[in-house]
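Next comes protein.csv, a file with CSV, N, CA and C atoms.
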chain,number,residue,atom,x,y,z
A,20,MET,N,-22.3,36.0,21.9
A,20,MET,CA,-21.0,35.9,21.3
A,20,MET,C,-20.6,37.4,20.9
A,21,PHE,N,-19.3,37.6,20.9
A,21,PHE,CA,-18.8,39.0,20.5
A,21,PHE,C,-18.7,39.0,19.0
A,22,SER,N,-19.4,40.0,18.4
A,22,SER,CA,-19.2,40.2,17.0
A,22,SER,C,-18.6,41.5,16.6
A,23,GLU,N,-18.6,42.5,17.5
A,23,GLU,CA,-18.1,43.8,17.2
A,23,GLU,C,-17.1,44.2,18.3
A,24,LEU,N,-15.8,44.3,17.9
A,24,LEU,CA,-14.8,44.7,18.8
A,24,LEU,C,-14.3,46.1,18.5
A,25,LEU,N,-14.1,46.9,19.6
A,25,LEU,CA,-13.6,48.3,19.4
A,25,LEU,C,-12.2,48.4,20.0
A,26,LEU,N,-11.3,49.0,19.3
A,26,LEU,CA,-9.9,49.2,19.7
A,26,LEU,C,-9.6,50.6,19.5
A,27,PRO,N,-9.7,51.5,20.6
A,27,PRO,CA,-9.3,52.9,20.5
A,27,PRO,C,-7.8,53.0,20.6
A,28,MET,N,-7.2,53.7,19.7
A,28,MET,CA,-5.8,54.0,19.7
A,28,MET,C,-5.6,55.1,20.8
A,29,THR,N,-4.5,55.0,21.6
A,29,THR,CA,-4.3,55.9,22.7
A,29,THR,C,-3.1,56.8,22.5
A,30,GLY,N,-2.3,56.5,21.5
A,30,GLY,CA,-1.1,57.3,21.2
A,30,GLY,C,0.0,57.0,22.2
A,31,THR,N,0.0,55.8,22.8
A,31,THR,CA,1.0,55.4,23.7
A,31,THR,C,1.7,54.1,23.2
A,32,SER,N,2.7,53.7,23.9
A,32,SER,CA,3.5,52.5,23.4
A,32,SER,C,2.7,51.2,23.5
A,33,THR,N,1.5,51.3,24.2
A,33,THR,CA,0.7,50.1,24.3
A,33,THR,C,-0.2,49.9,23.1
A,34,ASP,N,-0.2,50.8,22.2
A,34,ASP,CA,-1.1,50.6,21.0
A,34,ASP,C,-0.7,49.4,20.2
A,35,GLY,N,0.5,49.2,19.9
A,35,GLY,CA,1.0,48.1,19.1
A,35,GLY,C,0.5,46.7,19.7
A,36,PRO,N,0.9,46.5,21.0
A,36,PRO,CA,0.4,45.2,21.6
A,36,PRO,C,-1.1,45.1,21.7
A,37,ALA,N,-1.8,46.2,21.9
A,37,ALA,CA,-3.2,46.1,22.0
A,37,ALA,C,-3.8,45.8,20.6
A,38,LEU,N,-3.2,46.4,19.5
A,38,LEU,CA,-3.7,46.1,18.2
A,38,LEU,C,-3.4,44.6,17.8
A,39,ASP,N,-2.3,44.1,18.2
A,39,ASP,CA,-2.0,42.7,18.0
A,39,ASP,C,-3.0,41.8,18.7
A,40,ALA,N,-3.3,42.1,20.0
A,40,ALA,CA,-4.3,41.4,20.7
A,40,ALA,C,-5.7,41.5,20.1
A,41,GLY,N,-6.1,42.7,19.7
A,41,GLY,CA,-7.4,42.9,19.0
A,41,GLY,C,-7.5,42.1,17.8
A,42,VAL,N,-6.4,42.0,17.0
A,42,VAL,CA,-6.5,41.2,15.7
A,42,VAL,C,-6.6,39.7,16.1
A,43,GLN,N,-5.8,39.2,17.0
A,43,GLN,CA,-5.9,37.8,17.4
A,43,GLN,C,-7.3,37.5,18.0
A,44,LEU,N,-7.9,38.4,18.8
A,44,LEU,CA,-9.2,38.2,19.3
A,44,LEU,C,-10.3,38.2,18.2
A,45,ALA,N,-10.2,39.1,17.3
A,45,ALA,CA,-11.1,39.2,16.2
A,45,ALA,C,-11.0,37.9,15.4
A,46,ARG,N,-9.8,37.4,15.1
A,46,ARG,CA,-9.7,36.2,14.3
A,46,ARG,C,-10.3,35.0,15.1
A,47,ALA,N,-10.0,34.9,16.3
A,47,ALA,CA,-10.5,33.7,17.1
A,47,ALA,C,-12.0,33.8,17.2
A,48,LEU,N,-12.6,34.9,17.4
A,48,LEU,CA,-14.0,35.1,17.5
A,48,LEU,C,-14.8,35.2,16.2
A,49,GLU,N,-14.0,35.4,15.1
A,49,GLU,CA,-14.6,35.7,13.8
A,49,GLU,C,-15.4,36.9,13.9
A,50,ALA,N,-14.8,37.9,14.6
A,50,ALA,CA,-15.5,39.2,14.9
A,50,ALA,C,-15.0,40.3,14.0
A,51,HIS,N,-15.7,41.4,13.9
A,51,HIS,CA,-15.4,42.6,13.2
A,51,HIS,C,-14.6,43.5,14.2
A,52,LEU,N,-13.4,44.0,13.7
A,52,LEU,CA,-12.6,44.8,14.6
A,52,LEU,C,-12.7,46.3,14.0
A,53,ALA,N,-13.1,47.2,14.9
A,53,ALA,CA,-13.2,48.6,14.6
A,53,ALA,C,-12.1,49.3,15.3
A,54,VAL,N,-11.1,49.9,14.6
A,54,VAL,CA,-10.0,50.6,15.3
A,54,VAL,C,-10.4,52.1,15.2
A,55,LEU,N,-10.3,52.7,16.3
A,55,LEU,CA,-10.7,54.1,16.4
A,55,LEU,C,-9.4,55.0,16.6
A,56,GLU,N,-9.2,55.9,15.7
A,56,GLU,CA,-8.1,56.9,15.8
A,56,GLU,C,-8.8,58.2,16.1
A,57,THR,N,-8.4,58.9,17.2
A,57,THR,CA,-9.0,60.2,17.6
A,57,THR,C,-8.0,61.3,17.3
A,58,VAL,N,-8.5,62.4,16.9
A,58,VAL,CA,-7.7,63.6,16.8
A,58,VAL,C,-8.2,64.6,17.8
A,59,ASN,N,-7.4,64.9,18.8
A,59,ASN,CA,-7.7,65.8,19.9
A,59,ASN,C,-7.5,67.2,19.4
A,60,LEU,N,-8.6,68.0,19.2
A,60,LEU,CA,-8.5,69.4,18.8
A,60,LEU,C,-8.8,70.2,20.0
A,61,PRO,N,-7.8,71.0,20.4
A,61,PRO,CA,-7.9,71.8,21.6
A,61,PRO,C,-8.9,73.0,21.4
A,62,MET,N,-9.6,73.3,22.5
A,62,MET,CA,-10.5,74.4,22.4
A,62,MET,C,-9.8,75.6,23.1
A,63,PHE,N,-9.8,76.7,22.4
A,63,PHE,CA,-9.2,77.9,22.9
A,63,PHE,C,-10.3,78.7,23.7
A,64,MET,N,-9.9,79.1,24.9
A,64,MET,CA,-10.8,79.9,25.7
A,64,MET,C,-10.6,81.4,25.5
A,65,PRO,N,-11.7,82.2,25.4
A,65,PRO,CA,-11.5,83.6,25.2
A,65,PRO,C,-10.9,84.2,26.5
A,66,ALA,N,-10.2,85.3,26.3
A,66,ALA,CA,-9.7,86.0,27.5
A,66,ALA,C,-10.9,86.7,28.2
A,67,PRO,N,-10.7,86.9,29.5
A,67,PRO,CA,-11.7,87.5,30.4
A,67,PRO,C,-12.2,88.8,29.8
A,68,TRP,N,-11.4,89.6,29.1
A,68,TRP,CA,-11.8,90.9,28.6
A,68,TRP,C,-12.4,90.8,27.2
A,69,GLY,N,-12.6,89.6,26.7
A,69,GLY,CA,-13.2,89.4,25.4
A,69,GLY,C,-12.2,89.0,24.4
A,70,GLY,N,-12.6,88.9,23.2
A,70,GLY,CA,-11.8,88.5,22.1
A,70,GLY,C,-12.0,87.1,21.8
A,71,VAL,N,-11.9,86.8,20.5
A,71,VAL,CA,-12.0,85.4,20.1
A,71,VAL,C,-10.8,85.0,19.3
A,72,VAL,N,-10.6,83.7,19.2
A,72,VAL,CA,-9.5,83.2,18.4
A,72,VAL,C,-9.9,83.2,16.9
A,73,PRO,N,-9.1,83.9,16.1
A,73,PRO,CA,-9.4,83.9,14.6
A,73,PRO,C,-9.5,82.5,14.0
A,74,ASP,N,-10.4,82.4,13.1
A,74,ASP,CA,-10.5,81.1,12.4
A,74,ASP,C,-9.2,80.6,11.7
A,75,ALA,N,-8.5,81.6,11.2
A,75,ALA,CA,-7.2,81.2,10.6
A,75,ALA,C,-6.2,80.6,11.6
A,76,LEU,N,-6.2,81.1,12.8
A,76,LEU,CA,-5.3,80.5,13.8
A,76,LEU,C,-5.8,79.1,14.2
A,77,LEU,N,-7.1,78.9,14.2
A,77,LEU,CA,-7.7,77.6,14.5
A,77,LEU,C,-7.3,76.6,13.4
A,78,GLN,N,-7.4,77.0,12.2
A,78,GLN,CA,-7.1,76.1,11.1
A,78,GLN,C,-5.6,75.8,11.0
A,79,GLU,N,-4.8,76.8,11.4
A,79,GLU,CA,-3.4,76.6,11.4
A,79,GLU,C,-3.0,75.6,12.5
A,80,THR,N,-3.7,75.6,13.6
A,80,THR,CA,-3.4,74.7,14.7
A,80,THR,C,-4.0,73.3,14.4
A,81,TYR,N,-5.2,73.2,13.9
A,81,TYR,CA,-5.8,72.0,13.6
A,81,TYR,C,-5.2,71.2,12.5
A,82,ALA,N,-4.8,71.9,11.4
A,82,ALA,CA,-4.3,71.2,10.2
A,82,ALA,C,-3.3,70.1,10.5
A,83,PRO,N,-2.2,70.4,11.2
A,83,PRO,CA,-1.2,69.3,11.4
A,83,PRO,C,-1.8,68.1,12.3
A,84,LEU,N,-2.7,68.5,13.2
A,84,LEU,CA,-3.3,67.4,14.0
A,84,LEU,C,-4.1,66.5,13.1
A,85,ARG,N,-4.9,67.1,12.2
A,85,ARG,CA,-5.8,66.3,11.3
A,85,ARG,C,-4.9,65.5,10.4
A,86,GLU,N,-3.8,66.1,9.9
A,86,GLU,CA,-2.9,65.4,8.9
A,86,GLU,C,-2.3,64.2,9.6
A,87,ARG,N,-1.9,64.3,10.9
A,87,ARG,CA,-1.3,63.2,11.6
A,87,ARG,C,-2.3,62.1,11.8
A,88,GLY,N,-3.5,62.5,12.2
A,88,GLY,CA,-4.6,61.5,12.3
A,88,GLY,C,-4.9,60.8,11.1
A,89,ALA,N,-4.9,61.5,9.9
A,89,ALA,CA,-5.2,60.8,8.6
A,89,ALA,C,-4.0,59.9,8.3
A,90,ALA,N,-2.8,60.3,8.6
A,90,ALA,CA,-1.6,59.4,8.3
A,90,ALA,C,-1.7,58.2,9.2
A,91,ASN,N,-2.1,58.3,10.4
A,91,ASN,CA,-2.3,57.1,11.3
A,91,ASN,C,-3.3,56.2,10.8
A,92,VAL,N,-4.4,56.7,10.2
A,92,VAL,CA,-5.5,55.9,9.7
A,92,VAL,C,-4.9,55.1,8.5
A,93,VAL,N,-4.2,55.7,7.6
A,93,VAL,CA,-3.6,55.1,6.4
A,93,VAL,C,-2.7,53.9,6.9
A,94,ALA,N,-1.9,54.2,7.9
A,94,ALA,CA,-1.0,53.2,8.4
A,94,ALA,C,-1.7,52.0,9.0
A,95,LEU,N,-2.8,52.3,9.8
A,95,LEU,CA,-3.6,51.3,10.4
A,95,LEU,C,-4.3,50.4,9.4
A,96,ARG,N,-4.8,51.1,8.3
A,96,ARG,CA,-5.5,50.3,7.3
A,96,ARG,C,-4.5,49.4,6.6
A,97,ALA,N,-3.3,49.9,6.3
A,97,ALA,CA,-2.3,49.1,5.6
A,97,ALA,C,-1.9,47.9,6.5
A,98,ARG,N,-1.8,48.1,7.8
A,98,ARG,CA,-1.5,47.0,8.8
A,98,ARG,C,-2.6,46.0,8.8
A,99,LEU,N,-3.8,46.4,8.8
A,99,LEU,CA,-4.9,45.4,8.9
A,99,LEU,C,-5.3,44.7,7.6
A,100,ALA,N,-4.9,45.3,6.5
A,100,ALA,CA,-5.3,44.8,5.2
A,100,ALA,C,-4.8,43.3,5.0
A,101,SER,N,-3.7,43.0,5.6
A,101,SER,CA,-3.2,41.6,5.4
A,101,SER,C,-3.6,40.6,6.5
A,102,GLU,N,-4.4,41.0,7.4
A,102,GLU,CA,-4.8,40.2,8.6
A,102,GLU,C,-5.9,39.2,8.3
A,103,GLY,N,-6.6,39.4,7.2
A,103,GLY,CA,-7.7,38.4,6.9
A,103,GLY,C,-8.9,38.4,7.9
A,104,ILE,N,-9.1,39.6,8.5
A,104,ILE,CA,-10.3,39.7,9.4
A,104,ILE,C,-11.1,40.9,8.9
A,105,ALA,N,-12.4,40.8,9.3
A,105,ALA,CA,-13.3,42.0,9.0
A,105,ALA,C,-12.9,43.1,9.9
A,106,HIS,N,-12.7,44.3,9.3
A,106,HIS,CA,-12.2,45.4,10.1
A,106,HIS,C,-12.6,46.7,9.4
A,107,GLU,N,-12.4,47.8,10.2
A,107,GLU,CA,-12.5,49.1,9.7
A,107,GLU,C,-11.7,50.0,10.6
A,108,VAL,N,-11.3,51.2,10.1
A,108,VAL,CA,-10.5,52.1,10.9
A,108,VAL,C,-11.3,53.4,10.8
A,109,ARG,N,-11.7,53.9,12.0
A,109,ARG,CA,-12.5,55.1,12.1
A,109,ARG,C,-11.6,56.3,12.5
A,110,LEU,N,-11.9,57.5,12.0
A,110,LEU,CA,-11.2,58.7,12.4
A,110,LEU,C,-12.3,59.6,13.0
A,111,ALA,N,-12.1,59.9,14.3
A,111,ALA,CA,-13.0,60.8,15.0
A,111,ALA,C,-12.3,62.0,15.6
A,112,GLU,N,-12.8,63.2,15.4
A,112,GLU,CA,-12.3,64.4,16.0
A,112,GLU,C,-12.9,64.6,17.3
A,113,SER,N,-12.1,65.0,18.3
A,113,SER,CA,-12.6,65.3,19.6
A,113,SER,C,-12.4,66.8,19.8
A,114,LEU,N,-13.5,67.5,19.6
A,114,LEU,CA,-13.4,69.0,19.7
A,114,LEU,C,-14.0,69.4,21.1
A,115,PHE,N,-15.2,69.0,21.4
A,115,PHE,CA,-15.8,69.4,22.6
A,115,PHE,C,-15.8,68.3,23.7
A,116,ALA,N,-15.1,67.2,23.4
A,116,ALA,CA,-14.9,66.1,24.4
A,116,ALA,C,-13.5,65.6,24.3
A,117,GLU,N,-13.0,65.1,25.4
A,117,GLU,CA,-11.7,64.5,25.4
A,117,GLU,C,-11.7,63.1,24.6
A,118,PRO,N,-10.6,62.7,24.1
A,118,PRO,CA,-10.6,61.4,23.3
A,118,PRO,C,-11.1,60.2,24.1
A,119,PRO,N,-10.9,60.1,25.4
A,119,PRO,CA,-11.5,58.9,26.1
A,119,PRO,C,-13.0,59.0,26.1
A,120,GLN,N,-13.6,60.2,26.2
A,120,GLN,CA,-15.1,60.3,26.1
A,120,GLN,C,-15.6,59.9,24.7
A,121,VAL,N,-14.8,60.3,23.7
A,121,VAL,CA,-15.2,59.9,22.3
A,121,VAL,C,-15.1,58.4,22.2
A,122,ALA,N,-14.0,57.8,22.7
A,122,ALA,CA,-13.9,56.3,22.6
A,122,ALA,C,-15.0,55.7,23.4
A,123,ALA,N,-15.4,56.2,24.5
A,123,ALA,CA,-16.5,55.6,25.3
A,123,ALA,C,-17.8,55.6,24.5
A,124,LEU,N,-18.0,56.7,23.8
A,124,LEU,CA,-19.3,56.8,22.9
A,124,LEU,C,-19.2,55.7,21.9
A,125,HIS,N,-18.1,55.5,21.2
A,125,HIS,CA,-18.0,54.4,20.2
A,125,HIS,C,-18.1,53.1,20.9
A,126,ALA,N,-17.6,52.9,22.1
A,126,ALA,CA,-17.6,51.6,22.8
A,126,ALA,C,-19.1,51.2,23.1
A,127,ARG,N,-20.0,52.1,23.2
A,127,ARG,CA,-21.4,51.8,23.5
A,127,ARG,C,-22.0,50.9,22.4
A,128,HIS,N,-21.4,51.0,21.2
A,128,HIS,CA,-22.0,50.3,20.1
A,128,HIS,C,-21.2,49.0,19.7
A,129,ALA,N,-20.3,48.7,20.6
A,129,ALA,CA,-19.4,47.5,20.4
A,129,ALA,C,-19.8,46.5,21.5
A,130,ASP,N,-19.5,45.2,21.2
A,130,ASP,CA,-19.7,44.2,22.2
A,130,ASP,C,-18.5,44.1,23.2
A,131,LEU,N,-17.3,44.5,22.8
A,131,LEU,CA,-16.2,44.5,23.7
A,131,LEU,C,-15.2,45.5,23.2
A,132,ALA,N,-14.6,46.2,24.1
A,132,ALA,CA,-13.5,47.2,23.8
A,132,ALA,C,-12.2,46.6,24.3
A,133,VAL,N,-11.2,46.7,23.5
A,133,VAL,CA,-9.8,46.3,23.8
A,133,VAL,C,-9.0,47.5,23.9
A,134,ILE,N,-8.4,47.8,25.0
A,134,ILE,CA,-7.6,49.0,25.3
A,134,ILE,C,-6.3,48.7,25.9
A,135,GLY,N,-5.2,49.3,25.4
A,135,GLY,CA,-3.9,49.1,25.9
A,135,GLY,C,-3.8,49.6,27.3
A,136,GLY,N,-3.0,48.9,28.1
A,136,GLY,CA,-2.9,49.3,29.5
A,136,GLY,C,-1.9,50.4,29.7
A,137,PRO,N,-1.6,50.9,30.9
A,137,PRO,CA,-0.6,51.9,31.1
A,137,PRO,C,0.8,51.5,30.6
A,138,ALA,N,1.5,52.4,30.0
A,138,ALA,CA,2.8,52.1,29.4
A,138,ALA,C,3.7,51.8,30.6
A,139,GLY,N,4.6,50.8,30.3
A,139,GLY,CA,5.7,50.5,31.3
A,139,GLY,C,5.2,49.5,32.3
A,140,LEU,N,4.0,49.0,32.2
A,140,LEU,CA,3.5,48.0,33.2
A,140,LEU,C,3.8,46.6,32.7
A,141,ALA,N,4.3,45.8,33.5
A,141,ALA,CA,4.5,44.4,33.2
A,141,ALA,C,3.2,43.7,33.0
A,142,PRO,N,3.1,42.7,32.1
A,142,PRO,CA,1.9,42.0,31.8
A,142,PRO,C,1.2,41.4,33.1
A,143,ASP,N,2.1,40.9,34.0
A,143,ASP,CA,1.5,40.3,35.2
A,143,ASP,C,0.9,41.4,36.1
A,144,ASP,N,1.3,42.6,36.0
A,144,ASP,CA,0.7,43.7,36.8
A,144,ASP,C,-0.6,44.3,36.2
A,145,ALA,N,-0.9,43.9,35.0
A,145,ALA,CA,-2.0,44.5,34.3
A,145,ALA,C,-3.3,44.2,35.0
A,146,ALA,N,-3.5,43.1,35.6
A,146,ALA,CA,-4.7,42.7,36.3
A,146,ALA,C,-4.9,43.6,37.5
A,147,ALA,N,-3.8,44.1,38.1
A,147,ALA,CA,-3.9,44.9,39.3
A,147,ALA,C,-4.4,46.3,39.0
A,148,VAL,N,-4.4,46.8,37.7
A,148,VAL,CA,-4.9,48.1,37.4
A,148,VAL,C,-6.4,48.1,37.2
A,149,ARG,N,-7.0,49.0,37.9
A,149,ARG,CA,-8.5,49.1,37.8
A,149,ARG,C,-8.9,50.5,37.6

Just give me the structure as structure tokens.
Amino acid sequence: MFSELLLPMTGTSTDGPALDAGVQLARALEAHLAVLETVNLPMFMPAPWGGVVPDALLQETYAPLRERGAANVVALRARLASEGIAHEVRLAESLFAEPPQVAALHARHADLAVIGGPAGLAPDDAAAVR
């Protein structure tokens, strides 16, 4: 039986329906729903002639991304608080890996991952996407 469900947020319009489906599935299975919010922190590449990106510039770039991720976590926790299911909201930074790779790492520890499909796809077409 499924006891641990993972739902990675993708930042697309499919997050809402995927969250609704994850909540319904967790309720039906009496499972724990872990919602994953990732913050994609870009890596700056040094110029061929040398030079590094100053820490101050990195912090200036990363601060709003981290703030937006934290705000999303607060909103997700508020949304899930009234659902009556076991849940948690995780915040993971993806610095050396892309968000899908971070989500895949978290999915290794779940029984089932629920992921929104491509935006703009009709529900009947979802089965055709592989």

Problem set entry | Near-Glu117 (chain A) list (10 Å; only C-alpha atoms; drop same-chain fewer than 5 positions) as JSON, numbers by chain | {"A": [57, 58, 59, 60, 61, 112, 122]}

Exercise. What is the CA of Thr80 (chain A)-CA of Leu38 (chain A) distance in Å, reported with one decimal?
Worked result: 28.8 Å

Problem set entry | For CA of Val108 (chain A) and CA of Leu95 (chain A), the interatomic separation in Å (one decimal) |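 Calculated distance between CA of Val108 (chain A) and CA of Leu95 (chain A) is 7.0 Å.
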
Problem set entry | For region 39-46 of chain A: contacts at 8 Å, only N, CA and C atoms, fewer than 3 positions along chain excluded, given as a PyMOL selection string | chain A and resi 22+24-26+33-36+49-52+102-105+133-134

Exercise. For the atom pair atom C of Ala123 (chain A) and atom C of Gly30 (chain A), what is the interatomic distance in Å to one decimal place?
Worked result: 18.0 Å

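Of the residues listed (A:Ala75, A:Ala90, A:Leu55, A:Leu99), A:Leu55 shows the shortest atom-to-atom separation from Ser113 (chain A); distances use only C-alpha atoms.
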
For this session: Rank nothing, just name the residue among A:Val92, A:Met62, A:Leu48, A:Ala53 nearest to Phe115 (chain A), using only N, CA and C atoms.
Result: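 Selected residue with least distance to Phe115 (chain A): A:Met62.
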
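Among the candidates A:Leu114, A:His106, A:Val121, A:Ser101, the one nearest to Leu77 (chain A) when counting only C-alpha atoms is A:Leu114.
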
Exercise. What residues in region 32-143 of chain A get the DSSP label alpha helix (DSSP H)? Please answer as a ChimeraX atom specification.
Worked result: /A:34-48,74-100,118-126

For this session: May I ask which of the residues A:Ala37, A:Ala89, A:Leu131, A:Val54 is the closest one to Glu23 (chain A), counting only C-alpha atoms?
Result: A:Leu131
